[in-house]
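Raw contents of my_file.tsv, TSV, C-alpha atoms:
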```
chain	number	residue	atom	x	y	z
Z	1	MET	CA	0.00	0.00	0.00
Z	2	LEU	CA	1.45	3.34	-1.02
Z	3	LEU	CA	1.32	6.17	1.48
Z	4	GLN	CA	0.21	9.46	0.05
Z	5	THR	CA	2.56	12.30	0.94
Z	6	THR	CA	0.94	15.68	1.44
Z	7	LEU	CA	3.21	18.59	0.57
Z	8	PRO	CA	2.85	21.75	2.71
Z	9	LYS	CA	0.93	24.54	1.06
Z	10	ARG	CA	2.89	27.67	0.11
Z	11	ALA	CA	1.82	30.74	2.01
Z	12	PRO	CA	-0.16	33.11	-0.21
Z	13	LEU	CA	1.28	36.49	-1.09
Z	14	PRO	CA	-0.08	39.36	0.99
Z	15	THR	CA	-3.06	41.05	-0.61
Z	16	GLY	CA	-2.04	43.57	-3.23
Z	17	LYS	CA	1.63	42.52	-3.29
Z	18	ALA	CA	2.95	41.14	-6.53
Z	19	PRO	CA	6.02	38.93	-6.65
Z	20	ASN	CA	9.29	40.80	-7.14
Z	21	THR	CA	12.05	38.73	-8.68
Z	22	GLU	CA	14.67	41.25	-7.53
Z	23	ASP	CA	13.80	40.85	-3.86
Z	24	GLY	CA	14.47	37.17	-3.31
Z	25	PRO	CA	15.34	36.14	0.26
Z	26	LEU	CA	16.72	39.59	1.03
Z	27	THR	CA	13.21	40.79	1.82
Z	28	GLU	CA	12.49	38.17	4.48
Z	29	GLY	CA	12.02	39.58	7.96
Z	30	ARG	CA	12.69	43.15	6.91
Z	31	GLU	CA	10.63	46.26	7.50
Z	32	PHE	CA	11.20	47.50	3.95
Z	33	VAL	CA	11.48	45.65	0.66
Z	34	TRP	CA	15.20	45.35	-0.08
Z	35	SER	CA	16.62	44.24	-3.41
Z	36	ASP	CA	19.93	43.80	-5.14
Z	37	ALA	CA	18.87	46.72	-7.32
Z	38	ASP	CA	18.48	48.94	-4.24
Z	39	PHE	CA	21.95	47.99	-3.03
Z	40	ALA	CA	23.49	48.58	-6.46
Z	41	ARG	CA	21.89	52.01	-6.64
Z	42	ILE	CA	23.09	53.04	-3.18
Z	43	LYS	CA	26.54	51.68	-3.99
Z	44	ALA	CA	26.72	53.84	-7.12
Z	45	LEU	CA	25.47	56.97	-5.33
Z	46	ILE	CA	27.88	56.80	-2.37
Z	47	TYR	CA	30.76	56.13	-4.74
Z	48	LYS	CA	29.84	59.16	-6.80
Z	49	LYS	CA	29.35	61.47	-3.82
Z	50	ALA	CA	32.05	60.30	-1.40
Z	51	GLY	CA	34.30	57.88	-3.29
Z	52	ILE	CA	33.37	55.05	-0.90
Z	53	SER	CA	33.54	51.65	-2.57
Z	54	LEU	CA	31.07	49.17	-1.05
Z	55	HIS	CA	31.55	45.45	-1.63
Z	56	ASP	CA	28.73	42.92	-1.79
Z	57	GLY	CA	29.26	41.81	1.80
Z	58	LYS	CA	27.89	45.17	3.01
Z	59	HIS	CA	24.21	44.43	2.23
Z	60	ALA	CA	23.13	44.15	5.86
Z	61	MET	CA	25.07	47.23	6.96
Z	62	VAL	CA	23.70	49.35	4.12
Z	63	TYR	CA	20.12	48.21	4.71
Z	64	SER	CA	20.36	48.94	8.44
Z	65	ARG	CA	21.83	52.42	8.05
Z	66	VAL	CA	19.81	53.70	5.12
Z	67	SER	CA	16.53	52.28	6.43
Z	68	ARG	CA	16.89	54.75	9.32
Z	69	ARG	CA	16.78	57.55	6.77
Z	70	LEU	CA	13.57	56.06	5.31
Z	71	ARG	CA	11.94	56.20	8.74
Z	72	GLU	CA	13.21	59.72	9.41
Z	73	THR	CA	11.98	61.04	6.06
Z	74	GLY	CA	8.73	59.08	5.97
Z	75	HIS	CA	9.51	57.08	2.82
Z	76	GLY	CA	7.93	53.66	2.38
Z	77	SER	CA	10.55	52.23	0.04
Z	78	PHE	CA	14.19	52.59	-0.92
Z	79	LYS	CA	13.12	53.46	-4.45
Z	80	THR	CA	11.12	56.53	-3.46
Z	81	TYR	CA	13.84	57.65	-1.03
Z	82	LEU	CA	16.59	57.34	-3.63
Z	83	ASP	CA	14.38	58.97	-6.28
Z	84	GLY	CA	14.01	61.94	-3.94
Z	85	LEU	CA	17.76	62.13	-3.39
Z	86	GLU	CA	18.53	62.22	-7.09
Z	87	GLN	CA	15.82	64.75	-7.88
Z	88	HIS	CA	16.83	67.30	-5.23
Z	89	GLU	CA	20.24	68.63	-4.22
Z	90	GLY	CA	19.15	69.22	-0.63
Z	91	GLU	CA	20.33	68.58	2.92
Z	92	GLU	CA	19.33	64.91	2.76
Z	93	TRP	CA	22.43	64.19	0.68
Z	94	GLN	CA	24.56	64.99	3.72
Z	95	GLU	CA	22.40	62.75	5.89
Z	96	PHE	CA	22.80	59.96	3.35
Z	97	ILE	CA	26.58	60.33	3.39
Z	98	ASN	CA	26.63	60.54	7.20
Z	99	ALA	CA	24.65	57.30	7.39
Z	100	LEU	CA	27.14	55.37	5.28
Z	101	THR	CA	30.42	56.56	6.74
Z	102	THR	CA	32.18	54.46	9.38
Z	103	ASN	CA	33.65	56.18	12.44
Z	104	LEU	CA	35.88	53.91	14.48
Z	105	THR	CA	38.34	55.89	16.58
Z	106	ALA	CA	40.01	56.19	19.98
Z	107	PHE	CA	42.50	58.39	21.78
Z	108	PHE	CA	46.09	57.60	20.72
Z	109	ARG	CA	44.99	54.82	18.40
Z	110	GLU	CA	48.04	53.34	16.62
Z	111	GLN	CA	50.27	54.66	19.37
Z	112	HIS	CA	53.55	54.49	17.45
Z	113	HIS	CA	52.48	57.37	15.21
Z	114	PHE	CA	52.36	59.77	18.12
Z	115	GLY	CA	55.88	58.88	19.22
Z	116	ILE	CA	57.10	59.65	15.69
Z	117	LEU	CA	55.10	62.89	15.63
Z	118	GLN	CA	56.53	63.99	18.97
Z	119	GLU	CA	60.09	63.46	17.78
Z	120	LEU	CA	59.36	65.29	14.53
Z	121	LEU	CA	57.92	68.33	16.31
Z	122	ALA	CA	60.52	68.43	19.07
Z	123	ALA	CA	63.32	68.51	16.50
Z	124	LYS	CA	62.06	71.89	15.26
Z	125	ARG	CA	60.41	73.44	18.28
Z	126	ALA	CA	60.90	77.03	17.14
Z	127	GLN	CA	58.97	76.79	13.87
Z	128	PRO	CA	55.19	77.17	13.58
Z	129	TRP	CA	53.50	73.90	12.61
Z	130	ARG	CA	50.47	73.42	10.43
Z	131	ILE	CA	48.78	70.01	10.74
Z	132	TRP	CA	45.75	68.54	8.99
Z	133	CYS	CA	43.71	65.70	10.48
Z	134	SER	CA	41.65	64.68	7.45
Z	135	ALA	CA	39.34	62.16	9.15
Z	136	ALA	CA	38.67	63.78	12.51
Z	137	SER	CA	35.59	61.67	13.28
Z	138	THR	CA	34.41	62.41	16.85
Z	139	GLY	CA	37.68	64.11	17.79
Z	140	GLU	CA	39.78	61.53	19.59
Z	141	GLU	CA	42.47	61.56	16.90
Z	142	PRO	CA	42.85	65.35	16.54
Z	143	TYR	CA	42.93	65.89	20.30
Z	144	SER	CA	45.58	63.16	20.58
Z	145	ILE	CA	47.58	65.11	17.98
Z	146	ALA	CA	47.05	68.33	19.92
Z	147	MET	CA	48.16	66.78	23.22
Z	148	THR	CA	51.27	65.39	21.52
Z	149	ALA	CA	52.07	68.77	19.97
Z	150	THR	CA	51.67	70.57	23.29
Z	151	GLU	CA	53.94	68.06	25.03
Z	152	ALA	CA	56.57	68.31	22.28
Z	153	LEU	CA	56.53	72.08	21.76
Z	154	GLY	CA	55.61	73.34	25.21
Z	155	ALA	CA	52.67	75.48	26.24
Z	156	SER	CA	53.95	78.38	24.15
Z	157	GLY	CA	54.51	76.25	21.04
Z	158	SER	CA	53.06	77.51	17.77
Z	159	PHE	CA	50.84	75.00	16.00
Z	160	GLU	CA	47.50	74.87	14.22
Z	161	ILE	CA	45.47	71.72	13.58
Z	162	VAL	CA	42.83	71.79	10.85
Z	163	ASN	CA	40.32	69.00	11.44
Z	164	SER	CA	37.95	67.78	8.77
Z	165	ASP	CA	35.52	64.98	8.04
Z	166	ILE	CA	32.86	64.30	5.44
Z	167	ASP	CA	30.42	63.33	8.23
Z	168	THR	CA	29.07	66.58	9.68
Z	169	LYS	CA	27.53	64.95	12.77
Z	170	VAL	CA	30.75	63.42	14.08
Z	171	LEU	CA	32.61	66.62	13.23
Z	172	ALA	CA	30.20	68.58	15.45
Z	173	THR	CA	30.95	66.15	18.28
Z	174	ALA	CA	34.68	66.69	17.73
Z	175	GLN	CA	34.26	70.44	17.86
Z	176	ARG	CA	32.37	70.22	21.18
Z	177	GLY	CA	35.21	68.22	22.72
Z	178	VAL	CA	33.04	66.55	25.36
Z	179	TYR	CA	33.45	62.85	26.14
Z	180	LYS	CA	32.10	60.30	28.59
Z	181	ILE	CA	34.56	59.26	31.28
Z	182	ASP	CA	34.61	55.74	29.82
Z	183	GLY	CA	35.82	57.22	26.54
Z	184	VAL	CA	38.94	58.75	28.08
Z	185	LYS	CA	39.84	55.96	30.50
Z	186	GLY	CA	42.85	54.99	28.38
Z	187	LEU	CA	44.50	58.35	29.00
Z	188	SER	CA	47.02	58.82	31.79
Z	189	THR	CA	46.05	60.69	34.94
Z	190	GLU	CA	48.60	63.36	34.02
Z	191	ARG	CA	47.00	63.98	30.60
Z	192	LEU	CA	43.50	64.02	32.03
Z	193	GLN	CA	44.49	66.65	34.60
Z	194	ARG	CA	46.42	68.75	32.11
Z	195	PHE	CA	44.06	68.69	29.15
Z	196	PHE	CA	40.51	67.97	30.45
Z	197	MET	CA	37.94	69.42	32.82
Z	198	ARG	CA	35.73	67.06	34.80
Z	199	GLY	CA	32.00	67.75	34.60
Z	200	LYS	CA	29.99	68.49	37.73
Z	201	GLY	CA	26.30	68.44	38.57
Z	202	SER	CA	24.26	67.71	35.45
Z	203	ASN	CA	27.55	67.16	33.57
Z	204	ALA	CA	28.84	64.52	35.97
Z	205	GLY	CA	30.39	61.61	34.11
Z	206	LEU	CA	31.62	63.87	31.29
Z	207	MET	CA	35.02	65.32	30.45
Z	208	ARG	CA	35.59	68.47	28.36
Z	209	VAL	CA	38.77	69.38	26.51
Z	210	LYS	CA	40.32	72.50	28.03
Z	211	PRO	CA	40.25	75.79	26.07
Z	212	GLU	CA	44.07	75.85	26.08
Z	213	LEU	CA	44.00	72.82	23.79
Z	214	GLN	CA	40.96	73.77	21.75
Z	215	LYS	CA	42.42	77.14	20.79
Z	216	HIS	CA	44.75	75.34	18.37
Z	217	MET	CA	41.87	73.60	16.58
Z	218	ALA	CA	39.84	74.51	13.50
Z	219	PHE	CA	37.01	72.40	12.09
Z	220	GLN	CA	35.45	72.19	8.64
Z	221	SER	CA	33.63	69.68	6.46
Z	222	VAL	CA	35.83	68.38	3.64
Z	223	ASN	CA	35.14	65.77	0.96
Z	224	LEU	CA	38.44	64.17	-0.07
Z	225	ILE	CA	37.26	63.37	-3.59
Z	226	GLU	CA	36.67	67.06	-4.31
Z	227	ASN	CA	39.18	69.88	-4.69
Z	228	LEU	CA	40.64	70.65	-1.28
Z	229	PRO	CA	39.81	74.11	0.12
Z	230	PHE	CA	43.21	74.92	1.64
Z	231	ARG	CA	45.47	77.78	0.61
Z	232	GLU	CA	48.35	77.34	3.07
Z	233	PRO	CA	50.32	74.06	2.84
Z	234	PHE	CA	50.64	71.58	5.71
Z	235	ASP	CA	53.75	70.25	7.45
Z	236	VAL	CA	51.96	67.10	8.64
Z	237	VAL	CA	48.85	65.27	7.45
Z	238	PHE	CA	47.01	62.46	9.21
Z	239	CYS	CA	44.89	60.45	6.78
Z	240	ARG	CA	44.52	57.18	8.64
Z	241	ASN	CA	42.16	54.32	7.81
Z	242	VAL	CA	40.41	56.34	5.13
Z	243	MET	CA	41.93	55.00	1.92
Z	244	ILE	CA	40.72	51.47	2.70
Z	245	TYR	CA	37.24	52.63	1.69
Z	246	PHE	CA	38.42	53.78	-1.76
Z	247	ASP	CA	39.26	51.81	-4.88
Z	248	ALA	CA	42.73	52.14	-6.44
Z	249	ALA	CA	41.81	54.96	-8.82
Z	250	THR	CA	40.20	57.02	-6.06
Z	251	GLN	CA	43.14	56.39	-3.73
Z	252	ARG	CA	45.54	57.76	-6.33
Z	253	ALA	CA	43.41	60.84	-6.95
Z	254	VAL	CA	43.11	61.57	-3.21
Z	255	LEU	CA	46.86	61.12	-2.70
Z	256	GLU	CA	47.52	63.60	-5.49
Z	257	ARG	CA	45.22	66.14	-3.80
Z	258	ILE	CA	46.93	65.62	-0.45
Z	259	HIS	CA	50.33	65.97	-2.12
Z	260	ARG	CA	49.33	69.37	-3.52
Z	261	VAL	CA	48.43	70.78	-0.08
Z	262	MET	CA	51.61	69.59	1.68
Z	263	LYS	CA	55.02	71.20	1.97
Z	264	PRO	CA	57.94	69.33	0.37
Z	265	GLY	CA	59.37	67.10	3.09
Z	266	GLY	CA	56.05	67.07	4.96
Z	267	MET	CA	55.01	63.85	6.68
Z	268	LEU	CA	51.88	61.81	5.89
Z	269	PHE	CA	50.59	59.37	8.52
Z	270	VAL	CA	48.32	56.58	7.21
Z	271	GLY	CA	46.52	53.55	8.64
Z	272	HIS	CA	48.17	50.25	9.52
Z	273	ALA	CA	46.43	48.45	6.63
Z	274	GLU	CA	47.30	51.07	4.00
Z	275	ASN	CA	50.25	50.86	1.62
Z	276	PHE	CA	51.08	53.41	-1.06
Z	277	SER	CA	54.14	51.84	-2.63
Z	278	ASP	CA	52.56	52.53	-6.04
Z	279	ALA	CA	52.72	56.29	-5.35
Z	280	ARG	CA	56.51	56.61	-5.18
Z	281	SER	CA	56.41	59.71	-7.37
Z	282	LEU	CA	54.44	61.44	-4.59
Z	283	PHE	CA	55.56	59.94	-1.28
Z	284	VAL	CA	58.50	57.92	0.07
Z	285	LEU	CA	58.09	55.51	2.98
Z	286	ARG	CA	60.01	56.81	6.01
Z	287	GLY	CA	58.71	54.58	8.80
Z	288	LYS	CA	55.91	52.24	9.74
Z	289	THR	CA	52.97	53.69	7.75
Z	290	VAL	CA	54.64	57.13	7.65
Z	291	TYR	CA	55.47	58.75	4.30
Z	292	GLU	CA	57.46	61.82	3.30
Z	293	ARG	CA	56.07	64.14	0.65
Z	294	ILE	CA	58.46	64.48	-2.30
```
In structure tokens, write the structure found in this file.
Amino acid sequence: MLLQTTLPKRAPLPTGKAPNTEDGPLTEGREFVWSDADFARIKALIYKKAGISLHDGKHAMVYSRVSRRLRETGHGSFKTYLDGLEQHEGEEWQEFINALTTNLTAFFREQHHFGILQELLAAKRAQPWRIWCSAASTGEEPYSIAMTATEALGASGSFEIVNSDIDTKVLATAQRGVYKIDGVKGLSTERLQRFFMRGKGSNAGLMRVKPELQKHMAFQSVNLIENLPFREPFDVVFCRNVMIYFDAATQRAVLERIHRVMKPGGMLFVGHAENFSDARSLFVLRGKTVYERI
């Protein structure tokens, strides 16, 4: 006797929803319909606007971050949101870029760079120094540079640090210079006392950078894939862990722009995973991820 096998019935499509061959399994369990076409479109737009090259493994990250913009702007689909972006050159473009930039930072991250910087500055204490931190993020890197410069040059040392980022929200945080105590716990007691003020009352649990350090800082939004807005050249540039988000052609173009705004002999500090051996006509390796401008 043969047993009859009953196959489970497929769940019907929700009323009014037609099948979408582009969605596939990517739609399952998501608030918004999400397709390969949506990802490809976002990938093209962020590359055009910021030079960021997204690989296919970034689907989940892109969905999570851009879907927040859909909620904020009241859009019901990625298509209508992206249509609106392309049809209007408004403030939402900056929000879109902010959503897709990655901001991983800490005070004195990649410690060896600050030892090299201190030696460089101390060797020429009398000269005024002009430094650019090109990916300031929430400020931990530029304030680490400023603390190092103050320690190397003394309280009366002459230095200016121009701090930029494409993400305007993190740049505003950097400019405020206020951090939770947990965020500065890696700093020595001496540095905390010298460079920070401890919050009291409603500001308990917070630390603010002292005015003596902030007076050396300037902040502005800069997109590295556009012409750089600087007239005076820099002695030192920090551009760390930025190039990893660019393809080879964009990396070369950005390096050429940085080269144009640096003094001959100026020093470029880059991230531990970045190597510019193909740019020997612009920079020569002088140390671990430290290059000299030709």
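Across Z:Ile116, Z:Ala44, Z:Ile244, Z:Ala155, the tightest approach to Arg286 (chain Z) is made by Z:Ile116 when counting all atoms listed in the file.
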Near region 229-235 of chain Z, 10 Å: region 154-173 of chain Z residue rows, closest pairs, all atoms listed in the file, as a Markdown table:
```
| residue | atom | partner | partner_atom | distance |
| --- | --- | --- | --- | --- |
| Z:Glu160 | CA | Z:Phe234 | CA | 9.6 |
| Z:Ile161 | CA | Z:Phe234 | CA | 9.4 |
| Z:Val162 | CA | Z:Phe234 | CA | 9.4 |
```
*With a distance cut-off of 8 Å and only C-alpha atoms, select the neighbouring residues of Tyr143 (chain Z), excluding the residue or stretch itself and same-chain residues fewer than 4 positions from it, and output the selection as number ranges by chain.*
Z: 107, 139, 147, 213
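CA of Gln118 (chain Z) to CA of Phe196 (chain Z) spans 20.1 Å [interatomic distance, one decimal].
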*So, counting all atoms listed in the file, which residue among Z:Ala174, Z:Asn103, Z:Arg30, Z:Val236 is closest to Ala149 (chain Z)?*
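Of all the options, Z:Val236 lies closest to Ala149 (chain Z).
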